[in-house]
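Enquirer: Please see the structure below; I have some questions.
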Amino acid sequence: MLFAFELSGEHKTIPISEVCACLETLGAGYKIHLSLDGCLVLELENDIENDGENIIKSLVKRLAMTHHIIKVLGIGGGCEEDVLDVVSNNMPDLEGTYSIRVKRVRDYSSLNTESMERKIGGIFFKRGAHADLKDPDIQFRVILTEDKCIFGIMCGSIDRSAFEARKPHHKPFFYPGVLMPRVALALVNIAKPDTVLFDPFCGTGGILIEAGLIGIKVIGGDMQRKILLGAKMNLDHYNVDYSLMFEDACGMALGDNCIDAVVTDPPYGRSAAIKAQSLEYMLGKSLKEVYRVLKPGRRAVFISECPIEKLVQEAGFEVVELHIQRVHKSLTRRMLVLRKP
Ligand SMILES: C[S@@+](CC[C@H](N)C(=O)[O-])C[C@H]1O[C@@H](n2cnc3c(N)ncnc32)[C@H](O)[C@@H]1O
């Protein structure tokens, strides 16, 4: 059965990687059917009747960079005639009320979405269906992207307002220059945690909070006591299951092979918060420590401003993915997804 994931436009690669990693964490088999700008269509092994519904519910709770999940009824070309054909050839028999929304990704289509909604409404009307835009039984959706249209039924939407409410300056303890919650949760998902996630440069706890809110036990470490107290205030505020340590990421008080996943955002080049003899020493040493504490086969997501591939290799990691995020003129984050063989 095909499902379309309507992706956030805020990043090109992270949303795709997040969906795939989440499915792997949930143990759901999938194949990529189409990867279009703003829309990923996957063939899921579990259909709606065969545990698919639970998988969709779990995805809705976890995903950060997806807007909607759609059960695909038909896929076709992007011109008006093709869209209307796809809808009329794949429209199911309707018992209750419906709504239809047409969504265009960027400027791929020149079709007027409101006019298309009216024309599709005309097809539904001829088949005796009743529209209810406020409280429909079924919500149909058409996505127009690249040269295609994807027609289907909405089966899950992600509550994006919760991320807005957790922006760093809304938290009890605020410190500038931290990751936005959506990015933090997407990286947590990409790290594929089962039960325990560790952030050795945890700062105010932004990554730990996002992981804790999806039910992961979190461990954080930092070398500034004031910041650790701030992290404690924030983690208590969100009622997360956590442990915090005052520790040097270059020499961690954790045993070997005990952590499921690491996501971390160490200080960057110009930062006064580097508590080590040099940035390179800190990154190299902490990568070796992360490697030591991680279980074999598990992932670490390590953020840096400069390329650290040589240090990563020296620590023993394989590079799985690289995501680049341009934050502003003088800051580009490199997010390396690593795997301990
Ligand atoms: C970019 S901030 C982390 C931001 C964090 N993601 C947040 O949500 O606030 C980097 C953190 O690394 C800490 N740090 C610097 N050197 C360290 C070291 N050697 N060991 C552990 N933490 C260190 C700093 O105190 C700072 O809080």
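A note on labels: chains of the structure tokens are A, B, ... as shown, every chain counts residues from 1, and ligands are counted from 1 in their shown order.
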Which residues come within 12 Å of Ser286 in chain A, counting only C-alpha atoms, excluding same-chain residues fewer than 2 positions away, as a PyMOL selection string?
Expert: chain A and resi 199-201+221+247-252+262+264-267+275-276+279-284+288-293+300+302+308+311-312+314-315
Enquirer: Save out the residues we just selected, N, CA and C atoms, as a compact mmCIF listing (two decimals), in the first residue's frame.
Expert:
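Below is the file that was written, selection_6.txt:
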```
# COMPACT_ATOMS: atom_id res chain seq x y z
N ASP A 199 23.45 12.95 25.10
CA ASP A 199 24.01 14.16 24.50
C ASP A 199 25.15 14.65 25.39
N PRO A 200 26.41 14.41 24.98
CA PRO A 200 27.55 14.79 25.84
C PRO A 200 27.83 16.29 25.90
N PHE A 201 27.24 17.09 25.00
CA PHE A 201 27.37 18.57 25.05
C PHE A 201 25.95 19.11 25.17
N GLY A 221 25.32 15.54 29.43
CA GLY A 221 26.51 15.99 30.15
C GLY A 221 26.93 17.35 29.64
N GLU A 247 30.31 16.66 33.34
CA GLU A 247 31.39 15.81 32.84
C GLU A 247 32.01 16.40 31.58
N ASP A 248 33.26 15.98 31.36
CA ASP A 248 34.01 16.41 30.19
C ASP A 248 33.73 15.40 29.07
N ALA A 249 33.25 15.89 27.93
CA ALA A 249 32.95 14.99 26.81
C ALA A 249 34.21 14.29 26.30
N CYS A 250 35.37 14.80 26.69
CA CYS A 250 36.63 14.17 26.25
C CYS A 250 37.03 13.00 27.16
N GLY A 251 36.27 12.78 28.22
CA GLY A 251 36.54 11.66 29.14
C GLY A 251 35.27 11.38 29.91
N MET A 252 34.43 10.53 29.37
CA MET A 252 33.07 10.39 29.90
C MET A 252 32.98 9.33 31.00
N VAL A 262 23.28 8.66 20.06
CA VAL A 262 23.85 9.95 20.51
C VAL A 262 23.43 11.01 19.50
N THR A 264 24.32 15.21 19.26
CA THR A 264 25.02 16.24 20.02
C THR A 264 25.45 17.41 19.15
N ASP A 265 25.48 18.58 19.78
CA ASP A 265 25.77 19.84 19.10
C ASP A 265 26.89 20.54 19.88
N PRO A 266 28.15 20.13 19.65
CA PRO A 266 29.26 20.73 20.42
C PRO A 266 29.44 22.21 20.08
N PRO A 267 30.16 22.95 20.93
CA PRO A 267 30.37 24.38 20.60
C PRO A 267 31.17 24.53 19.32
N LYS A 275 35.36 24.02 26.35
CA LYS A 275 36.10 23.71 27.58
C LYS A 275 37.10 22.60 27.26
N ALA A 276 38.14 22.97 26.54
CA ALA A 276 39.19 22.02 26.15
C ALA A 276 40.35 22.85 25.61
N LEU A 279 39.63 23.31 19.85
CA LEU A 279 38.40 22.74 19.26
C LEU A 279 38.70 21.37 18.65
N GLU A 280 39.83 21.27 17.93
CA GLU A 280 40.14 20.01 17.25
C GLU A 280 40.36 18.89 18.27
N TYR A 281 41.05 19.23 19.36
CA TYR A 281 41.30 18.22 20.41
C TYR A 281 39.95 17.75 20.98
N MET A 282 39.07 18.73 21.27
CA MET A 282 37.77 18.40 21.87
C MET A 282 36.93 17.51 20.94
N LEU A 283 36.89 17.87 19.65
CA LEU A 283 36.07 17.09 18.72
C LEU A 283 36.64 15.68 18.55
N GLY A 284 37.97 15.60 18.39
CA GLY A 284 38.61 14.29 18.18
C GLY A 284 38.41 13.38 19.39
N LYS A 288 35.92 9.93 19.89
CA LYS A 288 36.42 8.62 20.33
C LYS A 288 35.62 8.12 21.54
N GLU A 289 35.25 9.07 22.42
CA GLU A 289 34.46 8.69 23.59
C GLU A 289 33.04 8.25 23.20
N VAL A 290 32.45 9.00 22.26
CA VAL A 290 31.10 8.64 21.79
C VAL A 290 31.14 7.24 21.17
N TYR A 291 32.19 6.98 20.41
CA TYR A 291 32.35 5.65 19.79
C TYR A 291 32.43 4.57 20.88
N ARG A 292 33.18 4.87 21.93
CA ARG A 292 33.38 3.86 23.00
C ARG A 292 32.06 3.54 23.72
N VAL A 293 31.26 4.57 24.02
CA VAL A 293 30.06 4.32 24.83
C VAL A 293 28.87 3.79 24.01
N ALA A 300 25.25 7.79 15.81
CA ALA A 300 25.48 9.08 16.50
C ALA A 300 25.30 10.18 15.47
N PHE A 302 26.39 13.99 14.91
CA PHE A 302 27.38 14.92 15.44
C PHE A 302 27.33 16.19 14.59
N ILE A 308 34.68 17.33 9.73
CA ILE A 308 35.35 16.52 10.77
C ILE A 308 35.48 15.07 10.31
N LEU A 311 38.52 13.13 11.58
CA LEU A 311 38.43 12.76 13.00
C LEU A 311 37.44 11.60 13.20
N VAL A 312 36.36 11.65 12.41
CA VAL A 312 35.31 10.64 12.49
C VAL A 312 35.88 9.26 12.11
N GLU A 314 39.09 8.44 12.17
CA GLU A 314 40.08 8.03 13.18
C GLU A 314 39.39 7.40 14.40
N ALA A 315 38.18 7.90 14.69
CA ALA A 315 37.46 7.35 15.85
C ALA A 315 36.89 5.95 15.54
```
Enquirer: Pick out the residues sitting within 12 Å of Gly215 in chain A, and hand them over as a PDB file with N, CA, C and O atoms, in the first residue's frame; count only C-alpha atoms, and ignore anything fewer than 5 positions along from it in its own chain.
Expert:
```
ATOM      1  N   SER A  58       1.982   6.058  15.430  1.00  0.00           N
ATOM      2  CA  SER A  58       3.306   6.264  16.030  1.00  0.00           C
ATOM      3  C   SER A  58       4.103   7.304  15.250  1.00  0.00           C
ATOM      4  O   SER A  58       4.798   8.128  15.843  1.00  0.00           O
ATOM      5  N   LYS A  61       3.046  10.799  16.130  1.00  0.00           N
ATOM      6  CA  LYS A  61       3.569  11.246  17.428  1.00  0.00           C
ATOM      7  C   LYS A  61       5.046  11.630  17.345  1.00  0.00           C
ATOM      8  O   LYS A  61       5.529  12.428  18.111  1.00  0.00           O
ATOM      9  N   ARG A  62       5.786  11.002  16.429  1.00  0.00           N
ATOM     10  CA  ARG A  62       7.248  11.159  16.421  1.00  0.00           C
ATOM     11  C   ARG A  62       7.773  12.187  15.423  1.00  0.00           C
ATOM     12  O   ARG A  62       8.756  12.857  15.707  1.00  0.00           O
ATOM     13  N   VAL A 188      17.066  13.474  16.363  1.00  0.00           N
ATOM     14  CA  VAL A 188      16.853  12.370  17.320  1.00  0.00           C
ATOM     15  C   VAL A 188      16.285  11.167  16.563  1.00  0.00           C
ATOM     16  O   VAL A 188      16.758  10.038  16.702  1.00  0.00           O
ATOM     17  N   ASN A 189      15.289  11.408  15.731  1.00  0.00           N
ATOM     18  CA  ASN A 189      14.688  10.304  14.968  1.00  0.00           C
ATOM     19  C   ASN A 189      15.702   9.651  14.032  1.00  0.00           C
ATOM     20  O   ASN A 189      15.725   8.426  13.890  1.00  0.00           O
ATOM     21  N   PRO A 193      16.943   6.047  18.214  1.00  0.00           N
ATOM     22  CA  PRO A 193      17.071   5.550  19.593  1.00  0.00           C
ATOM     23  C   PRO A 193      15.996   4.527  19.923  1.00  0.00           C
ATOM     24  O   PRO A 193      14.871   4.649  19.452  1.00  0.00           O
ATOM     25  N   ASP A 194      16.353   3.500  20.725  1.00  0.00           N
ATOM     26  CA  ASP A 194      15.354   2.540  21.227  1.00  0.00           C
ATOM     27  C   ASP A 194      14.900   2.998  22.600  1.00  0.00           C
ATOM     28  O   ASP A 194      13.750   3.323  22.813  1.00  0.00           O
ATOM     29  N   THR A 195      15.842   2.987  23.558  1.00  0.00           N
ATOM     30  CA  THR A 195      15.453   3.338  24.930  1.00  0.00           C
ATOM     31  C   THR A 195      16.277   4.480  25.529  1.00  0.00           C
ATOM     32  O   THR A 195      15.741   5.265  26.290  1.00  0.00           O
ATOM     33  N   VAL A 196      17.583   4.579  25.170  1.00  0.00           N
ATOM     34  CA  VAL A 196      18.425   5.598  25.826  1.00  0.00           C
ATOM     35  C   VAL A 196      19.150   6.460  24.779  1.00  0.00           C
ATOM     36  O   VAL A 196      19.766   5.932  23.853  1.00  0.00           O
ATOM     37  N   LEU A 197      19.056   7.771  24.956  1.00  0.00           N
ATOM     38  CA  LEU A 197      19.800   8.691  24.084  1.00  0.00           C
ATOM     39  C   LEU A 197      20.702   9.568  24.947  1.00  0.00           C
ATOM     40  O   LEU A 197      20.305  10.024  26.018  1.00  0.00           O
ATOM     41  N   LEU A 208      17.722  16.814  24.358  1.00  0.00           N
ATOM     42  CA  LEU A 208      17.218  15.849  25.358  1.00  0.00           C
ATOM     43  C   LEU A 208      15.700  15.983  25.523  1.00  0.00           C
ATOM     44  O   LEU A 208      14.990  14.975  25.660  1.00  0.00           O
ATOM     45  N   ILE A 209      15.204  17.220  25.518  1.00  0.00           N
ATOM     46  CA  ILE A 209      13.755  17.437  25.693  1.00  0.00           C
ATOM     47  C   ILE A 209      12.979  16.773  24.555  1.00  0.00           C
ATOM     48  O   ILE A 209      11.998  16.043  24.792  1.00  0.00           O
ATOM     49  N   GLU A 210      13.433  16.992  23.324  1.00  0.00           N
ATOM     50  CA  GLU A 210      12.706  16.415  22.184  1.00  0.00           C
ATOM     51  C   GLU A 210      12.716  14.883  22.241  1.00  0.00           C
ATOM     52  O   GLU A 210      11.701  14.238  21.985  1.00  0.00           O
ATOM     53  N   TYR A 238       9.332  20.005  31.282  1.00  0.00           N
ATOM     54  CA  TYR A 238       8.667  19.128  30.301  1.00  0.00           C
ATOM     55  C   TYR A 238       8.483  17.706  30.828  1.00  0.00           C
ATOM     56  O   TYR A 238       8.061  16.823  30.085  1.00  0.00           O
ATOM     57  N   ASN A 239       8.830  17.514  32.111  1.00  0.00           N
ATOM     58  CA  ASN A 239       8.566  16.226  32.752  1.00  0.00           C
ATOM     59  C   ASN A 239       9.215  15.044  32.036  1.00  0.00           C
ATOM     60  O   ASN A 239       8.582  14.005  31.804  1.00  0.00           O
ATOM     61  N   VAL A 240      10.474  15.241  31.698  1.00  0.00           N
ATOM     62  CA  VAL A 240      11.208  14.230  30.928  1.00  0.00           C
ATOM     63  C   VAL A 240      11.972  13.309  31.891  1.00  0.00           C
ATOM     64  O   VAL A 240      12.400  13.725  32.961  1.00  0.00           O
ATOM     65  N   ASP A 241      12.125  12.033  31.514  1.00  0.00           N
ATOM     66  CA  ASP A 241      12.897  11.067  32.304  1.00  0.00           C
ATOM     67  C   ASP A 241      14.394  11.242  31.951  1.00  0.00           C
ATOM     68  O   ASP A 241      14.819  10.825  30.875  1.00  0.00           O
ATOM     69  N   TYR A 242      15.154  11.905  32.860  1.00  0.00           N
ATOM     70  CA  TYR A 242      16.532  12.270  32.476  1.00  0.00           C
ATOM     71  C   TYR A 242      17.536  12.012  33.588  1.00  0.00           C
ATOM     72  O   TYR A 242      17.174  11.886  34.760  1.00  0.00           O
TER      73      TYR A 242
END
```
Enquirer: Write out as a list of chain:residue names each polymer residue whose atoms come within 10 Å of Glu10 in chain A, counting only C-alpha atoms; drop sequence neighbours fewer than 5 positions from it.
Expert: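 Here the qualifying residues turn out to be A:Pro15, A:Gly38, A:Met65, A:Arg182, A:Val183, A:Gln325.
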Enquirer: Could you take the residues named above and write them with C-alpha atoms, as a compact mmCIF listing (two decimals), in the first residue's frame?
Expert:
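File written: result-v4.txt
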```txt
# COMPACT_ATOMS: atom_id res chain seq x y z
CA PRO A 15 12.70 15.23 6.31
CA GLY A 38 8.15 18.07 -0.81
CA MET A 65 9.49 17.48 9.52
CA ARG A 182 11.91 20.57 14.98
CA VAL A 183 15.52 20.14 13.85
CA GLN A 325 21.95 23.51 7.24
```
Enquirer: How many Å lie between CA of Pro92 in chain A and CA of Asp132 in chain A, rounded to one decimal?
Expert: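 Answer for the CA of Pro92 in chain A to CA of Asp132 in chain A separation: 16.8 Å.
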Enquirer: Between CA of Gly52 in chain A and CA of Cys149 in chain A, what distance in Å does the model show, to one decimal?
Expert: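 We find that CA of Gly52 in chain A and CA of Cys149 in chain A lie 23.6 Å from each other.
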Enquirer: Find the residue from A:Asn234, A:Asn257, A:Gln313, A:Ser35 that sits nearest to ligand 1; use only C-alpha atoms and all ligand atoms when measuring.
Expert: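 Closest candidate: A:Asn234.
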Enquirer: Enter the distance from CA of Val105 in chain A to CA of Gly77 in chain A, in Å, rounded to one decimal.
Expert: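 Here the two named atoms are 14.4 Å from each other.
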Enquirer: Which parts of range 77-299 of chain A does DSSP call alpha helix (DSSP H) when run on the backbone here, written out as a PyMOL selection string?
Expert: chain A and resi 80-90+113-126+161-165+181-190+206-213+225-237+279-293
Enquirer: Run DSSP on the backbone of this structure and report the residues of range 141-218 of chain A it assigns to strand (DSSP E), as a list in words.
Expert: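 DSSP on the backbone gives strand (DSSP E) at Arg141, Val142, Ile143, Leu144, Thr145, Lys148, Cys149, Ile150, Phe151, Gly152, Ile153, Met154, Cys155, Gly156, Ser157, Val196, Leu197, Phe198, Asp199, Lys217 and Val218 of chain A.
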Enquirer: For ligand 1, which of A:Lys192, A:Lys295, A:His169, A:Arg339 is the closest residue, counting only C-alpha atoms and all ligand atoms?
Expert: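 The closest residue to ligand 1 is A:His169.
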Enquirer: I'd like the contact shell of Gly121 in chain A - 10 Å cut-off, only C-alpha atoms, skipping same-chain residues fewer than 3 positions apart - returned as a list in words.
Expert: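 These residues fall inside the cut-off: Tyr98, Ser99, Ile100, Arg101, Ser115, Met116, Glu117, Arg118, Phe124, Phe125, Lys126, Arg127, Ala129, His130 and Ala131 of chain A.
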Enquirer: Could the residues in this selection be saved with C-alpha atoms as a PDB file, in the first residue's frame?
Expert:
```pdb
ATOM      1  CA  TYR A  98     -15.831  14.754   2.547  1.00  0.00           C
ATOM      2  CA  SER A  99     -13.541  17.726   2.002  1.00  0.00           C
ATOM      3  CA  ILE A 100     -10.951  18.203  -0.722  1.00  0.00           C
ATOM      4  CA  ARG A 101      -7.772  20.289  -0.543  1.00  0.00           C
ATOM      5  CA  SER A 115     -10.412  26.334  -8.960  1.00  0.00           C
ATOM      6  CA  MET A 116      -9.133  22.707  -8.966  1.00  0.00           C
ATOM      7  CA  GLU A 117     -10.879  22.093  -5.621  1.00  0.00           C
ATOM      8  CA  ARG A 118     -14.148  23.322  -7.162  1.00  0.00           C
ATOM      9  CA  PHE A 124     -17.694  14.192  -6.230  1.00  0.00           C
ATOM     10  CA  PHE A 125     -21.090  15.931  -6.470  1.00  0.00           C
ATOM     11  CA  LYS A 126     -22.003  14.005  -9.636  1.00  0.00           C
ATOM     12  CA  ARG A 127     -21.301  10.784  -7.716  1.00  0.00           C
ATOM     13  CA  ALA A 129     -21.046  12.761  -2.314  1.00  0.00           C
ATOM     14  CA  HIS A 130     -21.686  15.523   0.235  1.00  0.00           C
ATOM     15  CA  ALA A 131     -19.048  18.103   1.045  1.00  0.00           C
TER      16      ALA A 131
END
```
